[in-house]
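Asker: This is the structure I have questions about; it appears just below.
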Amino acid sequence: MSNKNKTYNRKKVVALFFFCVITFFLLFVRLIQLMIFQSAYYTDKSVQLHERERSIKAARGRILDRNGVVLADNKTVCTISVIHSQIEDEEAVISFLCEELELSEEYVRKRVEKYSSMERIRSNVSKELGDEIREADLAGVKVDEDYKRYYPYDALGSKVLGFTGGDNQGIIGLEVIYDEYLSGEEGMILTLTDAAGIEIEAASERRQEPVPGNDLVVSLDYNIQSYATQLAKQVMATKEADRVSLIVMNPKNGEIMAMVDVPEFNLNEPYTLTPEYEALRAKEEARKQAAASDETSGEAPPEEQKTQEELKQEKLNGMWRNGCINDTYEPGSTFKVVTAAAALESGCATLADTFSCPGFIVVDDRRIRCHKVGGHGAEDFTKGICNSCNPVFVTLGLRIGAERYYDYLKQFGLLDKTGVDLPGEAGTIMHQKDAVGNVELATMSFGQSFQITPLQLATTVSSIINGGKRITPHLAVRAVDAEGNQVESFEKEAGRQIVSAETSGTMRMLLEKVVSEGGGAKAQVEGYRIGGKTATSQTLPRGSGRYIASFVGFSPADDPEVLALVVIHSPQGTYYGGQIAAPVIRQLFENVLPYLEK
Amino acid sequence: MATRFRTVQGGIRQSNNEPYFDYSLLFTVLFLIAFGLMMIYSSSSYKANLDYDDSAYFLKKQLVAALFGIAGMVVVSRVPYHVWEGFAVPAYIVSAVLIVLVKTPLGITSHGATRWIKIMGFSLQPAEVAKLGMIIFLACLVCKMGKRIRTTKGLFALLIPPGIIAVMVWKITQNMSSAIIILGIAMLMIFVASPDYKRFVIMALAGSSVIALAVFAIVKMAESPEMMEKLEFRGLRILAWLNPEAYADGKGFQTLQALYAIGSGGIFGKGLGESIQKLGFLPEAQNDMIFSIICEELGLFGAVAVILLFLLLIWRCMIIANNAPDLFGALLVVGVMGHLAIQVILNIAVCTSVIPNTGISLPFISYGGSSVMFLLVEIGIVLNVGRSIRLKDL
């Protein structure tokens with residue numbers, strides 16, 4: 001045919017076709033890459049995009065005392081929500097929920113009529129009310145159960161146990177430190193949704209069950225803690241003191257049986273300031289103002305303007321502070337235990353040494369007075385400690401010398417933190433070694449011019465009298481899973497030898513003498529051998545007329561099983577440790593010692 | 001091919017002058033239309049239900065357009081294709097006028113671009129008219145030029161008319177992808193018409209280098225923040241293409257959602273109707289991105305089946321073109337073949353993120369009335385060229 005197309009046209013059409021074939025083949029290769037090799041990746045990504053997670057809270061582990069008394073528990077509470085698309089009778093739902101939950105109609109109506117997948121009406125509803133609402137069985141009303149932390153004994157051990165926040169996380173205390181054991185793992189309900197977040201009805205749910213947290217068994221003893229709290233409250237009231245800290249521990253292994261720091265607060269309402277704390281705060285403010293007006297310069301530092309919220313938070317932080325570990329104080333005479341132990345251990349002094357106290361001692365150009373104005377006269381080492389005679393301990397301190405004294409402080413563990421399993425432990429505030437002259441060394445020898453935490457003192461004294469092994473104070477004993485199997489043990493081995501067993505024995509004997517013959521007489525308990533040491537120190541700044549009275553005691557004196565320290569801040573009237581602090585420990589021991597023997 | 005020859009030879013004795021009719025082409029097209037309607041319903045029903053309270057909203061509109069298109073195809077397949085020779089110049093002028101009409105009150109704006117006009121209640125995309133117009137006009141022009149096509153001058157002269165229309169589509173209707181398709185169809189028709197290879201290879205190489213350079217320049221620009229601001233949306237599209245996950249909330253969103261759909265389909269897919277990406281995640285699921293939903297629901301097998309159907313279509317076009325009684329008929333068929341091939345390739349390439357995101361629909365399957373109607377009319381022309389094949393010529 002004349003008009004038949006030329007061959008090259010045909011060839012080109014074929015070329016075009018094969019070009020298409022090749023291109024299609026390349027696209028096919030790309031599809032294989034996407035749909036086979038990268039399929040898992042993109043499937044994951046799209047599932048993440050499509051799935052909505054609804055978390056299921058895990059039950060938080062309980063906190064139990066050494067005998068199994070539950071100190072922190074969970075309460076079932078309910079969350080009431082509505083699902084708009086499932087509601088059949090809106091008016092009935094609105095009136096029912098208004099009545100049951102005591103909410104305004106406007107509030108409920110807004111939520112019921114809102115077109116969303118799920119709208120929360122109210123959370124933290126009691127289980128009884130939640131059950132009632134569930135039984136009413138109204139279409140579109142959902143009752144979800146949830147857990148809320150609950151502390152059966154309100155304020156008991158509040159500063160030690162701590163509390164949790166809205167997301168089930170620890171805020172202070174043991175709840176923070178052992179959060180990973182207590183919190184468990186949240187479960188999840190995964191549902192497929194469309195782009196607007198609406199659940200696809202036909203799609204199946206994936207459910208991941210929550211893992212409940214482990215129970216934490218602590219060394220606290222509910223009875224001892226209760227009684228110690230009662231005693232601390234009592235002495236705070238009668239002596240109109242600011243604060244009272246009381247620690248009861250096992251000097252052999254460092255287990256803390258009670259730790260009280262009154263005023264405490266209600267763990268079930270941790271964000272409510274207690275009247276006790278408000279009163280203390282007012283007292284402190286008044287003192288501060290008085291001090292400011294006394295100053296001749298009259299220029300009080302400009303108080304930074306704080307918002308109401310910051311002020312509230314600051315107050316709350318103050319209320320939650322655990323004076324036993326978060327704050328430091330000048331230990332005073334109780335620290336003579338450390339000086340005596342260092343003197344004996346170093347060989348600078350023996351029990352046979354004799355001293356003479358004229359009522360003061362001159363160190364360089366300073367006269368350091370003894371608390372007994374007329375002086376104790378001639379006395380041996382034992383008498384010196386029984387009398388709590390300052391010149392004797394100044395002499396001992398100077399004999400040891402700053403270099404060696406510091407070596408002992410370090411050896412005793414006084415320069416480090418105790419390592420207790422509570423958050424925010426304060427460190428020791430001590431002179432720089434180079435800056436220590438004879439005067440500083442002299443004051444340090446009887447427990448002044450530096451600060452330690454009450455727990456540090458209790459721990460150090462424990463370590464000196466327990467045979468000489470440094471212990472780590474602690475609360476947690478073990479974590480136990482839901483079936484009661486031990487998950488982890490927190491028992492602490494006694495640490496390094498800080499004084500010889502011999503020195504330790506001597507110290508026990510000396511301290512027993514302090515109670516039986518010396519200043520600690522008011523700590524005696526009939527039928528028990530008690531050792532101890534009193535202290536009375538002036539609150540800084542000196543001349544404020546405020547004191548800290550304290551007493552550290554232990555029993556049995558020859559083989560101590562329990563050690564207790566009480567620190568009374570700013571008592572009114574009599575403020576001598578031997579007069580007001582020792583009786584607290586006596587009352588404590590009168591009850592605790594027979595109790596522990598059982 | 002062998003099968004067809006056997007039947008043809010079997011019939012030679014009695015029916016040398018029997019008209020040929022390419023049923024495989026017809027049924028492939030009808031199958032694709034039906035499959036497309038099904039996929040449009042699957043991918044759009046959820047959104048249609050939300051937006052129009054009628055899950056079959058898109059399906060109905062497309063069905064009407066498809067029926068009109070099929071009627072048009074039947075009519076056109078009976079019109080001797082040489083009639084179109086007379087329409088060549090008017091088709092060109094009408095295309096140009098319709099494009100300009102977009103700027104008049106007749107224009108309809110949708111998705112932020114004015115690409116449609118409304119005449120007597122029907123909305124129409126001038127770019128689709130222009131594609132058909134260009135095929136007829138260029139086939140005619142090439143035949144008129146005769147041997148002058150062999151000269152460089154003649155070659156470039158041929159490129160001018162499609163160039164003008166392409167620029168108009170690009171600039172007036174802001175539709176670069178349609179401009180590229182029109183130019184592409186023209187290039188393929190000229191390629192077939194010309195005996196030369198060298199010039200085309202050079203042009204292809206030059207074109208690729210320009211594109212590569214442009215991409216390189218944009219990537220370099222994106223490295224400095226102040227230059228980045230100057231990049232307009234096409235530049236950003238290219239960056240989003242290179243790294244969709246970095247632009248997941250913006251230009252890369254659609255690309256990434258398409259990849260999620262394709263990738264999550266796997267080998268056998270989630271099953272017809274089971275796509276999740278169509279539930280509002282993937283924009284234009286029933287339109288430019290419908291191939292992704294096919295992949296998600298029907299898997300690699302479904303996707304390959306679709307690709308093979310298009311290959312079958314293109315193969316039938318090749319057979320008809322190569323047996324067409326004259327160059328005009330052959331070029332008409334080559335134009336349609338090029339049109340199909342370019343759109344299918346570019347659409348799948350966009351869905352699989354092989355090239356930057358640009359709006360190109362999948363022939364016969366994607367939602368779009370103008371597109372399906374004009375494609376069916378084009379198939380009608382091809383069928384008529386097929387009819388004019390005398391079996392004795394084979």
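Ordered as shown in the structure tokens, chains take letters A, B, and onward, while each chain numbers its residues from 1 and ligands are numbered from 1 in the order shown.
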Using DSSP on the backbone coordinates, identify all residues within stretch 69-107 of chain A classified as strand (DSSP E or B); present the result as a list in words.
Answerer: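 Listing strand (DSSP E or B) positions across stretch 69-107 of chain A yields Val70, Leu71, Ala72, Asp73, Asn74, Lys75, Thr76, Val77, Cys78, Thr79, Ile80, Ser81 and Val82 of chain A.
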Asker: Which residues are near B:Leu362? Cut-off 10 Å, only C-alpha atoms, ignore same chain within fewer than 2 positions. Put them as a PyMOL selection string.
Answerer: chain B and resi 36+287-291+340+342-348+359-360+364-368+371-372
Asker: Put those residues in a file: N, CA and C atoms, as a compact mmCIF listing (two decimals), in the first residue's frame.
Answerer:
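Output below, filename again_24.txt:
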```txt
# COMPACT_ATOMS: atom_id res chain seq x y z
N GLY B 36 -11.90 0.82 38.59
CA GLY B 36 -11.73 2.18 39.11
C GLY B 36 -12.91 2.60 39.95
N ASN B 287 -8.34 10.08 44.51
CA ASN B 287 -7.92 10.81 43.33
C ASN B 287 -6.49 10.43 42.93
N ASP B 288 -5.56 11.36 43.08
CA ASP B 288 -4.20 11.11 42.63
C ASP B 288 -3.53 9.97 43.39
N MET B 289 -3.99 9.73 44.61
CA MET B 289 -3.30 8.75 45.46
C MET B 289 -4.00 7.40 45.48
N ILE B 290 -4.91 7.19 44.52
CA ILE B 290 -5.72 5.96 44.59
C ILE B 290 -4.84 4.70 44.44
N PHE B 291 -3.74 4.84 43.72
CA PHE B 291 -2.86 3.69 43.55
C PHE B 291 -2.32 3.20 44.91
N LEU B 340 -1.52 7.78 27.87
CA LEU B 340 -1.74 6.75 28.89
C LEU B 340 -0.43 6.42 29.61
N ILE B 342 2.42 8.01 29.90
CA ILE B 342 2.99 9.07 30.74
C ILE B 342 2.23 9.19 32.05
N GLN B 343 0.88 9.20 31.95
CA GLN B 343 0.12 9.39 33.20
C GLN B 343 0.26 8.22 34.16
N VAL B 344 0.25 7.01 33.61
CA VAL B 344 0.38 5.85 34.48
C VAL B 344 1.74 5.87 35.17
N ILE B 345 2.78 6.09 34.36
CA ILE B 345 4.14 6.06 34.92
C ILE B 345 4.32 7.16 35.95
N LEU B 346 3.92 8.37 35.61
CA LEU B 346 4.11 9.47 36.55
C LEU B 346 3.27 9.28 37.81
N ASN B 347 2.03 8.81 37.65
CA ASN B 347 1.19 8.62 38.83
C ASN B 347 1.79 7.61 39.79
N ILE B 348 2.21 6.48 39.25
CA ILE B 348 2.79 5.45 40.14
C ILE B 348 4.10 5.96 40.74
N GLY B 359 0.34 16.66 41.05
CA GLY B 359 -0.99 16.07 40.87
C GLY B 359 -1.21 15.44 39.51
N ILE B 360 -1.06 14.13 39.41
CA ILE B 360 -1.33 13.43 38.16
C ILE B 360 -2.25 12.27 38.49
N PHE B 364 -8.41 6.18 33.98
CA PHE B 364 -9.58 5.31 34.14
C PHE B 364 -9.88 4.97 35.59
N ILE B 365 -8.93 5.13 36.51
CA ILE B 365 -9.16 4.67 37.88
C ILE B 365 -9.39 5.84 38.82
N SER B 366 -8.52 6.85 38.75
CA SER B 366 -8.66 7.99 39.64
C SER B 366 -10.01 8.68 39.44
N TYR B 367 -10.49 9.30 40.54
CA TYR B 367 -11.70 10.08 40.47
C TYR B 367 -11.44 11.34 39.63
N GLY B 368 -12.33 11.68 38.77
CA GLY B 368 -12.18 12.88 37.93
C GLY B 368 -12.98 12.70 36.65
N SER B 371 -11.33 13.83 33.12
CA SER B 371 -10.25 12.93 32.76
C SER B 371 -10.79 11.65 32.14
N VAL B 372 -11.75 11.03 32.80
CA VAL B 372 -12.23 9.73 32.31
C VAL B 372 -12.99 9.90 31.00
```
Asker: For a quick check of understanding, using only C-alpha atoms, which of A:Phe24, A:Phe446, A:Tyr575, A:Tyr329 has the smallest distance to chain B?
Answerer: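 Residue with the minimum atom-to-atom distance to chain B: A:Phe24.
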Asker: Measure the distance from atom CA of A:Asp559 to atom CA of A:Ala258 in Å and round it to one decimal.
Answerer: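 Atom CA of A:Ala258 lies at a distance of 20.0 Å from atom CA of A:Asp559.
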Asker: Between atom CA of B:Thr152 and atom CA of A:Phe17, what is the distance in Å, rounded to a tenth?
Answerer: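 Computing it gives 25.0 Å between the two atoms.
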Asker: So which residues of stretch 49-250 of chain B fall under helix (DSSP H, G or I) by DSSP, listed as a ChimeraX atom specification?
Answerer: /B:49-52,57-78,83-101,126-150,152-172,176-193,198-223,225-230,233-242,244-247
Asker: What separation in Å, quoted to one decimal, exists between atom CA of A:Arg10 and atom CA of B:Asn323?
Answerer: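 The value is 8.6 Å.
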Asker: Where does chain B meet chain A within 8 Å, residue by residue, with the nearest atom pair and distance in Å to one decimal for each, counting only C-alpha atoms, listed by chain and rising number, as JSON lines?
Answerer:
```
{"residue": "B:Leu188", "atom": "CA", "partner": "A:Leu16", "partner_atom": "CA", "distance": 8.0}
{"residue": "B:Phe191", "atom": "CA", "partner": "A:Lys12", "partner_atom": "CA", "distance": 7.3}
{"residue": "B:Val192", "atom": "CA", "partner": "A:Lys12", "partner_atom": "CA", "distance": 5.2}
{"residue": "B:Ala193", "atom": "CA", "partner": "A:Asn9", "partner_atom": "CA", "distance": 6.0}
{"residue": "B:Ser194", "atom": "CA", "partner": "A:Asn9", "partner_atom": "CA", "distance": 7.5}
{"residue": "B:Pro195", "atom": "CA", "partner": "A:Tyr8", "partner_atom": "CA", "distance": 5.9}
{"residue": "B:Leu259", "atom": "CA", "partner": "A:Tyr42", "partner_atom": "CA", "distance": 7.1}
{"residue": "B:Tyr260", "atom": "CA", "partner": "A:Tyr42", "partner_atom": "CA", "distance": 5.0}
{"residue": "B:Ala261", "atom": "CA", "partner": "A:Ser46", "partner_atom": "CA", "distance": 7.6}
{"residue": "B:Ile262", "atom": "CA", "partner": "A:Met35", "partner_atom": "CA", "distance": 6.3}
{"residue": "B:Gly263", "atom": "CA", "partner": "A:Ser39", "partner_atom": "CA", "distance": 4.4}
{"residue": "B:Ser264", "atom": "CA", "partner": "A:Thr43", "partner_atom": "CA", "distance": 4.2}
{"residue": "B:Gly265", "atom": "CA", "partner": "A:Met35", "partner_atom": "CA", "distance": 6.5}
{"residue": "B:Gly266", "atom": "CA", "partner": "A:Met35", "partner_atom": "CA", "distance": 4.6}
{"residue": "B:Ile267", "atom": "CA", "partner": "A:Met35", "partner_atom": "CA", "distance": 6.3}
{"residue": "B:Ile276", "atom": "CA", "partner": "A:Asp194", "partner_atom": "CA", "distance": 7.2}
{"residue": "B:Leu279", "atom": "CA", "partner": "A:Asp194", "partner_atom": "CA", "distance": 5.2}
{"residue": "B:Gly280", "atom": "CA", "partner": "A:Ala195", "partner_atom": "CA", "distance": 4.9}
{"residue": "B:Phe281", "atom": "CA", "partner": "A:Ala195", "partner_atom": "CA", "distance": 5.2}
{"residue": "B:Gly299", "atom": "CA", "partner": "A:Met35", "partner_atom": "CA", "distance": 7.6}
{"residue": "B:Leu300", "atom": "CA", "partner": "A:Met35", "partner_atom": "CA", "distance": 6.5}
{"residue": "B:Val304", "atom": "CA", "partner": "A:Phe28", "partner_atom": "CA", "distance": 7.1}
{"residue": "B:Ile307", "atom": "CA", "partner": "A:Phe24", "partner_atom": "CA", "distance": 7.2}
{"residue": "B:Leu311", "atom": "CA", "partner": "A:Val21", "partner_atom": "CA", "distance": 7.2}
{"residue": "B:Ile314", "atom": "CA", "partner": "A:Phe17", "partner_atom": "CA", "distance": 7.1}
{"residue": "B:Trp315", "atom": "CA", "partner": "A:Phe17", "partner_atom": "CA", "distance": 6.8}
{"residue": "B:Met318", "atom": "CA", "partner": "A:Val13", "partner_atom": "CA", "distance": 6.3}
{"residue": "B:Ala321", "atom": "CA", "partner": "A:Val13", "partner_atom": "CA", "distance": 7.5}
{"residue": "B:Asn322", "atom": "CA", "partner": "A:Arg10", "partner_atom": "CA", "distance": 5.3}
{"residue": "B:Ala324", "atom": "CA", "partner": "A:Asn5", "partner_atom": "CA", "distance": 7.7}
{"residue": "B:Pro325", "atom": "CA", "partner": "A:Lys4", "partner_atom": "CA", "distance": 5.8}
{"residue": "B:Asp326", "atom": "CA", "partner": "A:Asn3", "partner_atom": "CA", "distance": 5.5}
{"residue": "B:Leu327", "atom": "CA", "partner": "A:Asn5", "partner_atom": "CA", "distance": 5.7}
{"residue": "B:Val334", "atom": "CA", "partner": "A:Val13", "partner_atom": "CA", "distance": 7.3}
{"residue": "B:Ala341", "atom": "CA", "partner": "A:Cys20", "partner_atom": "CA", "distance": 6.8}
{"residue": "B:Ile345", "atom": "CA", "partner": "A:Phe24", "partner_atom": "CA", "distance": 7.0}
{"residue": "B:Ile348", "atom": "CA", "partner": "A:Leu27", "partner_atom": "CA", "distance": 7.3}
{"residue": "B:Ala349", "atom": "CA", "partner": "A:Leu27", "partner_atom": "CA", "distance": 6.9}
{"residue": "B:Thr352", "atom": "CA", "partner": "A:Leu31", "partner_atom": "CA", "distance": 7.2}
```
Asker: Between B:Leu183, B:Met337, B:Met38, B:Ile319, which is the closest to B:Gln62 once you count only C-alpha atoms?
Answerer: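 Closest residue, counting only C-alpha atoms: B:Met38.
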Asker: With distances taken over only C-alpha atoms, which residue among B:Ile294, B:Leu37, B:Ile165, B:Ala214 lies nearest B:Ala186?
Answerer: B:Ile165
Asker: Hey, what's within 9 Å of A:Leu398 if we count only C-alpha atoms and toss same-chain stuff fewer than 6 positions away? As a PyMOL selection string, please?
Answerer: chain A and resi 405+438+441-442+445
Asker: When you look at A:Phe96 with a cut-off of 12 Å (counting only C-alpha atoms), what residues show up, excluding the ones that are within fewer than 2 positions of it in the same chain? I need them as a list in words.
Answerer: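 Once the adjacent positions are removed, what remains is Asp89, Glu90, Glu91, Ala92, Val93, Ile94, Cys98, Glu99, Glu100, Leu101, Glu102, Leu103, Ser104, Glu105, Val108, Arg109, Val112, Glu132, Ile133, Arg134, Ala136, Asp137, Leu138, Ala139 and Val141 of chain A.
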Asker: Determine, counting only C-alpha atoms, which protein, DNA and RNA residues have an atom within 9 Å of an atom of A:Ile429; residues of the same chain fewer than 3 positions away are not included. Present the result as a list in words.
Answerer: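 Within the cut-off, the hits are Thr328, Leu415, Ala426, Phe450, Gln451 and Ile452 of chain A.
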Asker: Extract, using only C-alpha atoms, all DNA, RNA and protein residues at most 8 Å from A:Arg546, discarding same-chain residues fewer than 4 positions from it, and format them as number ranges by chain.
Answerer: A: 538-539, 570-571
Asker: Restricting the output to N, CA and C atoms, write the selected residues as a PDB file, in the first residue's frame.
Answerer:
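Ended up saving to out-v5.pdb:
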```pdb
ATOM      1  N   GLN A 538      23.580  26.013 121.897  1.00  0.00           N
ATOM      2  CA  GLN A 538      22.852  27.236 121.624  1.00  0.00           C
ATOM      3  C   GLN A 538      22.587  27.318 120.121  1.00  0.00           C
ATOM      4  N   THR A 539      21.405  27.794 119.803  1.00  0.00           N
ATOM      5  CA  THR A 539      21.087  27.950 118.388  1.00  0.00           C
ATOM      6  C   THR A 539      21.852  29.144 117.844  1.00  0.00           C
ATOM      7  N   SER A 570      14.588  24.617 120.114  1.00  0.00           N
ATOM      8  CA  SER A 570      14.005  25.788 120.778  1.00  0.00           C
ATOM      9  C   SER A 570      12.945  25.463 121.825  1.00  0.00           C
ATOM     10  N   PRO A 571      13.317  24.674 122.837  1.00  0.00           N
ATOM     11  CA  PRO A 571      12.347  24.455 123.911  1.00  0.00           C
ATOM     12  C   PRO A 571      12.239  25.707 124.782  1.00  0.00           C
TER      13      PRO A 571
END
```
Asker: Here is a test: counting only C-alpha atoms, which residue of B:Val354, B:Val382, B:Met373, B:Leu101 is nearest to B:Leu63?
Answerer: B:Met373
